[in-house]
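Trainee: First the structure, then my questions, so here it is.
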Amino acid sequence: MDAKNRIILHCDLNCFFASVELLSHPDLREVPMAVCGDPASRHGIILAKNEPAKRFGVQTAETIWQAKKKCPDLVLLPPHHDLYRQYSRRVNAIYEQYTDLVEPFGIDESWLDITGTAHLFGGDPRAIADDIRRRVREELGLTLSVGVSFNKVFAKLGSDYKKPDATTVISRENWREIVWPLPVGDLLFVGQAARRTLGQYGVETIGQLAACRPEMLETLMGKLGYQLYEYANGLEHEPVRSKEDREPVKSVGNGTTFRKNLTTRDQARTGVALLADSVASRLRAAGLYAGGVQVTMRTPDFKTSSRQKQFAAPTHLIRDLTQGAMELLESFWQPPTPIRMLTVTALYLSDSDTAFEQVDLFRPQAIQNQQKQERIETAMDAIRSKFGAGAIQFGSAADAAPTDDVPEL
């Protein structure tokens with residue numbers, strides 16, 4: 001099928017965590033309610049909220065005390081991540097009845113390519129999207145917003161355009177009128193840092209981004225700059241990949257050359273933690289666990305050293321990757337030897353079905369700690385998916401704000 005004739009849907013479940021909780025608490029449907037990490041703590045974070053809470057201005061990622069200040073009667077519920085995963089699988093099973101090309105994007109979003117199957121369901125993309133929304137609402141009690149377009153990026157913009165429980169079609173005829181006036185931060189992969197960079201050059205809307213010279217954007221932002229130019233101009237054409245089509249990932253890594261050399265253990269740990277945070281987030285997004293980690297270091301004279309180790313049990317947690325990477329680094333690096341570049345790479349990857357088989361069953365406290373950490377970092381992922389990668393950071397990574405002593409990555 002010609003790429004110009006593609007029909008891509010992006011399905012985004014509305015207030016997913018809160019909506020699943022309301023299935024067990026229907027009496028709270030018209031009451032301001034939110035799901036949060038620790039309802040007993042004033043410093044817990046809001047993970048999701050229902051529509052009545054939205055009307056009070058309650059926002060995802062703000063603290064409980066901030067939310068309570070806006071809405072004193074806000075009802076707080078703890079999260080049940082296993083239940084959310086169960087409903088996510090059930091929703092995707094409905095999607096798979098329309099096409100085998102279903103690509104999840106987080107726990108509550110999926111792309112569907114119905115180009116080759118639309119004729120089996122009447123051929124009208126909007127009607128098909130409406131039918132999917134109807135079935136999810138009637139069969140599971142959940143609502144979703146659907147974007148319909150000719151590529152993945154515009155389909156996602158469409159699902160965000162009107163909520164809740166709506167279908168938006170962004171076609172080859174109307175996309176400039178709909179897309180270009182939107183804030184540039186609405187575009188996929190334009191996080192806080194990219195928005196700040198573009199804002200310094202007066203780029204506030206997607207249309208202004210589309211009008212930029214691609215060479216300028218590439219100079220400012222590297223490969224991401226050219227990628228965003230293509231996105232803004234409707235030139236994105238990545239396929240929707242089914243599980244069977246996705247190539248197995250052998251490693252996930254992230255590296256950077258620092259603006260200033262690292263010379264102390266604290267500086268090195270900060271750098272390692274930031275890299276491990278990025279790697280762990282990507283592992284969780286792909287449903288993968290690392291059986292080991294590798295650290296590569298380069299000095300200002302371009303001497304490169306590398307070591308790797310295996311973990312006792314597979315992991316995709318920032319804490320474990322940071323600890324393992326630092327143990328490796330300290331095995332061959334002595335401060336104040338300057339570090340110019342670091343790379344942290346997750347190795348020996350496996351899927352989530354086999355990840356915890358090796359956990360020590362004779363240490364129940366260790367298992368509880370692991371599960372608690374899993375919930376924390378999963379909540380971080382949910383917040384970042386809505387507000388960008390810089391919205392929240394974990395532990396020592398959060399302490400890595402750029403200073404004269406700890407250079408920016």
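Residues in the structure tokens are named by chain (A, B, ... in the order shown) and by number from 1 within that chain; ligands are numbered from 1 in the order shown.
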Would you list the contacts of A:Leu228 as a PDB file with N, CA, C and O atoms, in the first residue's frame, taking every protein, DNA or RNA residue within 12 Å and counting only C-alpha atoms, but skipping same-chain residues closer than 2 positions in sequence?
Mentor:
```
ATOM      1  N   VAL A 153       2.788  10.327  13.997  1.00  0.00           N
ATOM      2  CA  VAL A 153       2.904  11.559  14.769  1.00  0.00           C
ATOM      3  C   VAL A 153       1.598  12.349  14.757  1.00  0.00           C
ATOM      4  O   VAL A 153       1.119  12.812  15.803  1.00  0.00           O
ATOM      5  N   VAL A 184       4.341  24.074  20.147  1.00  0.00           N
ATOM      6  CA  VAL A 184       5.381  23.161  19.695  1.00  0.00           C
ATOM      7  C   VAL A 184       5.577  22.021  20.691  1.00  0.00           C
ATOM      8  O   VAL A 184       5.956  20.893  20.313  1.00  0.00           O
ATOM      9  N   GLY A 185       5.288  22.251  21.968  1.00  0.00           N
ATOM     10  CA  GLY A 185       5.427  21.209  22.979  1.00  0.00           C
ATOM     11  C   GLY A 185       4.446  20.066  22.815  1.00  0.00           C
ATOM     12  O   GLY A 185       4.612  19.011  23.441  1.00  0.00           O
ATOM     13  N   ASP A 186       3.406  20.239  21.980  1.00  0.00           N
ATOM     14  CA  ASP A 186       2.455  19.154  21.730  1.00  0.00           C
ATOM     15  C   ASP A 186       3.030  18.094  20.797  1.00  0.00           C
ATOM     16  O   ASP A 186       2.486  16.987  20.713  1.00  0.00           O
ATOM     17  N   LEU A 187       4.106  18.424  20.097  1.00  0.00           N
ATOM     18  CA  LEU A 187       4.669  17.498  19.124  1.00  0.00           C
ATOM     19  C   LEU A 187       5.453  16.395  19.828  1.00  0.00           C
ATOM     20  O   LEU A 187       6.155  16.641  20.819  1.00  0.00           O
ATOM     21  N   LEU A 188       5.340  15.197  19.327  1.00  0.00           N
ATOM     22  CA  LEU A 188       6.024  14.047  19.911  1.00  0.00           C
ATOM     23  C   LEU A 188       7.514  14.312  20.040  1.00  0.00           C
ATOM     24  O   LEU A 188       8.162  14.785  19.099  1.00  0.00           O
ATOM     25  N   PHE A 189       8.056  14.006  21.229  1.00  0.00           N
ATOM     26  CA  PHE A 189       9.475  14.114  21.552  1.00  0.00           C
ATOM     27  C   PHE A 189       9.976  15.544  21.740  1.00  0.00           C
ATOM     28  O   PHE A 189      11.178  15.767  21.840  1.00  0.00           O
ATOM     29  N   VAL A 190       9.077  16.519  21.780  1.00  0.00           N
ATOM     30  CA  VAL A 190       9.485  17.880  22.143  1.00  0.00           C
ATOM     31  C   VAL A 190       9.274  18.018  23.645  1.00  0.00           C
ATOM     32  O   VAL A 190       8.176  18.346  24.113  1.00  0.00           O
ATOM     33  N   GLY A 191      10.316  17.722  24.428  1.00  0.00           N
ATOM     34  CA  GLY A 191      10.251  17.830  25.872  1.00  0.00           C
ATOM     35  C   GLY A 191      10.598  19.230  26.334  1.00  0.00           C
ATOM     36  O   GLY A 191      10.709  20.164  25.529  1.00  0.00           O
ATOM     37  N   ALA A 194      13.937  20.698  24.747  1.00  0.00           N
ATOM     38  CA  ALA A 194      13.767  21.086  23.342  1.00  0.00           C
ATOM     39  C   ALA A 194      12.879  22.316  23.228  1.00  0.00           C
ATOM     40  O   ALA A 194      13.133  23.216  22.408  1.00  0.00           O
ATOM     41  N   ARG A 195      11.837  22.382  24.063  1.00  0.00           N
ATOM     42  CA  ARG A 195      10.943  23.542  24.012  1.00  0.00           C
ATOM     43  C   ARG A 195      11.678  24.818  24.411  1.00  0.00           C
ATOM     44  O   ARG A 195      11.486  25.879  23.799  1.00  0.00           O
ATOM     45  N   LEU A 198      14.036  25.811  21.474  1.00  0.00           N
ATOM     46  CA  LEU A 198      13.292  26.387  20.350  1.00  0.00           C
ATOM     47  C   LEU A 198      12.718  27.753  20.725  1.00  0.00           C
ATOM     48  O   LEU A 198      12.699  28.672  19.904  1.00  0.00           O
ATOM     49  N   ILE A 206       3.964  24.676  16.236  1.00  0.00           N
ATOM     50  CA  ILE A 206       4.447  23.658  15.300  1.00  0.00           C
ATOM     51  C   ILE A 206       4.625  24.270  13.918  1.00  0.00           C
ATOM     52  O   ILE A 206       5.553  23.917  13.180  1.00  0.00           O
ATOM     53  N   GLY A 207       3.766  25.208  13.548  1.00  0.00           N
ATOM     54  CA  GLY A 207       3.902  25.877  12.253  1.00  0.00           C
ATOM     55  C   GLY A 207       5.204  26.650  12.148  1.00  0.00           C
ATOM     56  O   GLY A 207       5.867  26.637  11.098  1.00  0.00           O
ATOM     57  N   GLN A 208       5.598  27.323  13.215  1.00  0.00           N
ATOM     58  CA  GLN A 208       6.873  28.044  13.215  1.00  0.00           C
ATOM     59  C   GLN A 208       8.043  27.068  13.124  1.00  0.00           C
ATOM     60  O   GLN A 208       9.048  27.357  12.464  1.00  0.00           O
ATOM     61  N   LEU A 209       7.902  25.903  13.772  1.00  0.00           N
ATOM     62  CA  LEU A 209       8.934  24.875  13.649  1.00  0.00           C
ATOM     63  C   LEU A 209       9.029  24.379  12.213  1.00  0.00           C
ATOM     64  O   LEU A 209      10.123  24.203  11.671  1.00  0.00           O
ATOM     65  N   ALA A 210       7.885  24.175  11.579  1.00  0.00           N
ATOM     66  CA  ALA A 210       7.866  23.691  10.198  1.00  0.00           C
ATOM     67  C   ALA A 210       8.536  24.673   9.246  1.00  0.00           C
ATOM     68  O   ALA A 210       9.103  24.273   8.222  1.00  0.00           O
ATOM     69  N   ALA A 211       8.487  25.977   9.573  1.00  0.00           N
ATOM     70  CA  ALA A 211       9.051  27.004   8.698  1.00  0.00           C
ATOM     71  C   ALA A 211      10.558  27.171   8.875  1.00  0.00           C
ATOM     72  O   ALA A 211      11.207  27.867   8.090  1.00  0.00           O
ATOM     73  N   CYS A 212      11.131  26.539   9.903  1.00  0.00           N
ATOM     74  CA  CYS A 212      12.571  26.655  10.138  1.00  0.00           C
ATOM     75  C   CYS A 212      13.361  25.907   9.071  1.00  0.00           C
ATOM     76  O   CYS A 212      12.880  24.936   8.474  1.00  0.00           O
ATOM     77  N   ARG A 213      14.584  26.368   8.843  1.00  0.00           N
ATOM     78  CA  ARG A 213      15.468  25.619   7.958  1.00  0.00           C
ATOM     79  C   ARG A 213      15.940  24.353   8.671  1.00  0.00           C
ATOM     80  O   ARG A 213      16.389  24.411   9.813  1.00  0.00           O
ATOM     81  N   PRO A 214      15.852  23.198   8.025  1.00  0.00           N
ATOM     82  CA  PRO A 214      16.263  21.962   8.692  1.00  0.00           C
ATOM     83  C   PRO A 214      17.728  21.980   9.119  1.00  0.00           C
ATOM     84  O   PRO A 214      18.090  21.395  10.135  1.00  0.00           O
ATOM     85  N   GLU A 215      18.580  22.693   8.356  1.00  0.00           N
ATOM     86  CA  GLU A 215      19.997  22.770   8.717  1.00  0.00           C
ATOM     87  C   GLU A 215      20.185  23.486  10.054  1.00  0.00           C
ATOM     88  O   GLU A 215      21.024  23.104  10.866  1.00  0.00           O
ATOM     89  N   MET A 216      19.382  24.526  10.276  1.00  0.00           N
ATOM     90  CA  MET A 216      19.479  25.256  11.537  1.00  0.00           C
ATOM     91  C   MET A 216      19.055  24.366  12.711  1.00  0.00           C
ATOM     92  O   MET A 216      19.712  24.319  13.750  1.00  0.00           O
ATOM     93  N   LEU A 217      17.946  23.636  12.525  1.00  0.00           N
ATOM     94  CA  LEU A 217      17.465  22.764  13.587  1.00  0.00           C
ATOM     95  C   LEU A 217      18.464  21.654  13.888  1.00  0.00           C
ATOM     96  O   LEU A 217      18.668  21.279  15.040  1.00  0.00           O
ATOM     97  N   GLU A 218      19.112  21.139  12.853  1.00  0.00           N
ATOM     98  CA  GLU A 218      20.094  20.076  13.061  1.00  0.00           C
ATOM     99  C   GLU A 218      21.322  20.616  13.792  1.00  0.00           C
ATOM    100  O   GLU A 218      21.915  19.933  14.626  1.00  0.00           O
ATOM    101  N   LEU A 220      21.221  23.083  15.967  1.00  0.00           N
ATOM    102  CA  LEU A 220      20.798  23.344  17.341  1.00  0.00           C
ATOM    103  C   LEU A 220      20.616  22.070  18.152  1.00  0.00           C
ATOM    104  O   LEU A 220      20.986  21.999  19.326  1.00  0.00           O
ATOM    105  N   MET A 221      20.064  21.028  17.516  1.00  0.00           N
ATOM    106  CA  MET A 221      19.580  19.883  18.281  1.00  0.00           C
ATOM    107  C   MET A 221      20.064  18.535  17.762  1.00  0.00           C
ATOM    108  O   MET A 221      19.590  17.492  18.209  1.00  0.00           O
ATOM    109  N   GLY A 222      20.990  18.546  16.816  1.00  0.00           N
ATOM    110  CA  GLY A 222      21.490  17.291  16.282  1.00  0.00           C
ATOM    111  C   GLY A 222      20.434  16.576  15.451  1.00  0.00           C
ATOM    112  O   GLY A 222      19.583  17.204  14.813  1.00  0.00           O
ATOM    113  N   LYS A 223      20.472  15.245  15.482  1.00  0.00           N
ATOM    114  CA  LYS A 223      19.537  14.452  14.671  1.00  0.00           C
ATOM    115  C   LYS A 223      18.085  14.724  15.052  1.00  0.00           C
ATOM    116  O   LYS A 223      17.189  14.671  14.199  1.00  0.00           O
ATOM    117  N   LEU A 224      17.845  15.013  16.337  1.00  0.00           N
ATOM    118  CA  LEU A 224      16.482  15.295  16.767  1.00  0.00           C
ATOM    119  C   LEU A 224      15.922  16.507  16.035  1.00  0.00           C
ATOM    120  O   LEU A 224      14.730  16.540  15.706  1.00  0.00           O
ATOM    121  N   GLY A 225      16.750  17.504  15.756  1.00  0.00           N
ATOM    122  CA  GLY A 225      16.289  18.705  15.077  1.00  0.00           C
ATOM    123  C   GLY A 225      15.713  18.397  13.713  1.00  0.00           C
ATOM    124  O   GLY A 225      14.628  18.875  13.355  1.00  0.00           O
ATOM    125  N   TYR A 226      16.421  17.591  12.935  1.00  0.00           N
ATOM    126  CA  TYR A 226      15.910  17.241  11.597  1.00  0.00           C
ATOM    127  C   TYR A 226      14.669  16.367  11.708  1.00  0.00           C
ATOM    128  O   TYR A 226      13.723  16.490  10.915  1.00  0.00           O
ATOM    129  N   GLU A 230      10.840  17.106  10.136  1.00  0.00           N
ATOM    130  CA  GLU A 230      10.006  16.179   9.360  1.00  0.00           C
ATOM    131  C   GLU A 230       8.644  15.995  10.016  1.00  0.00           C
ATOM    132  O   GLU A 230       7.614  15.976   9.328  1.00  0.00           O
ATOM    133  N   TYR A 231       8.631  15.870  11.334  1.00  0.00           N
ATOM    134  CA  TYR A 231       7.363  15.710  12.034  1.00  0.00           C
ATOM    135  C   TYR A 231       6.444  16.899  11.773  1.00  0.00           C
ATOM    136  O   TYR A 231       5.256  16.732  11.483  1.00  0.00           O
ATOM    137  N   ALA A 232       6.982  18.111  11.907  1.00  0.00           N
ATOM    138  CA  ALA A 232       6.168  19.320  11.780  1.00  0.00           C
ATOM    139  C   ALA A 232       5.641  19.512  10.376  1.00  0.00           C
ATOM    140  O   ALA A 232       4.618  20.161  10.166  1.00  0.00           O
ATOM    141  N   ASN A 233       6.330  18.932   9.383  1.00  0.00           N
ATOM    142  CA  ASN A 233       5.928  19.095   7.990  1.00  0.00           C
ATOM    143  C   ASN A 233       5.200  17.874   7.421  1.00  0.00           C
ATOM    144  O   ASN A 233       5.039  17.755   6.205  1.00  0.00           O
ATOM    145  N   GLY A 234       4.760  16.986   8.292  1.00  0.00           N
ATOM    146  CA  GLY A 234       3.973  15.847   7.835  1.00  0.00           C
ATOM    147  C   GLY A 234       4.750  14.819   7.057  1.00  0.00           C
ATOM    148  O   GLY A 234       4.178  14.060   6.267  1.00  0.00           O
ATOM    149  N   LEU A 235       6.067  14.765   7.258  1.00  0.00           N
ATOM    150  CA  LEU A 235       6.921  13.874   6.470  1.00  0.00           C
ATOM    151  C   LEU A 235       7.288  12.590   7.214  1.00  0.00           C
ATOM    152  O   LEU A 235       8.053  11.781   6.688  1.00  0.00           O
ATOM    153  N   GLU A 236       6.773  12.407   8.423  1.00  0.00           N
ATOM    154  CA  GLU A 236       7.091  11.197   9.187  1.00  0.00           C
ATOM    155  C   GLU A 236       6.393  10.004   8.554  1.00  0.00           C
ATOM    156  O   GLU A 236       5.216  10.071   8.181  1.00  0.00           O
TER     157      GLU A 236
END
```
Trainee: What's the 6 Å shell around A:Val295, counting only C-alpha atoms, without same-chain residues fewer than 2 positions away, as a ChimeraX atom specification?
Mentor: /A:306-307,325,343-344
Trainee: What parts of stretch 146-328 of chain A does DSSP call alpha helix (DSSP H)? I'd like the answer as a PyMOL selection string.
Mentor: chain A and resi 152-161+175-179+192-199+206-210+214-221+223-232+265-285+318-328
Trainee: Would you work out the distance separating atom CA of A:Val252 from atom CA of A:Gln86, expressed in Å to one decimal?
Mentor: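 Atom CA of A:Val252 sits 26.4 Å away from atom CA of A:Gln86.
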Trainee: Which parts of stretch 11-156 of chain A does DSSP call strand (DSSP E or B) when run on the backbone here, written out as a PyMOL selection string?
Mentor: chain A and resi 11-13+33-36+45-49+63+75-77+102-104+109-113+144-149
Trainee: Suppose you want the space between atom CA of A:Arg85 and atom CA of A:Ile107; what is it in Å?
Mentor: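 Separating atom CA of A:Arg85 from atom CA of A:Ile107 is a distance of 6.8 Å.
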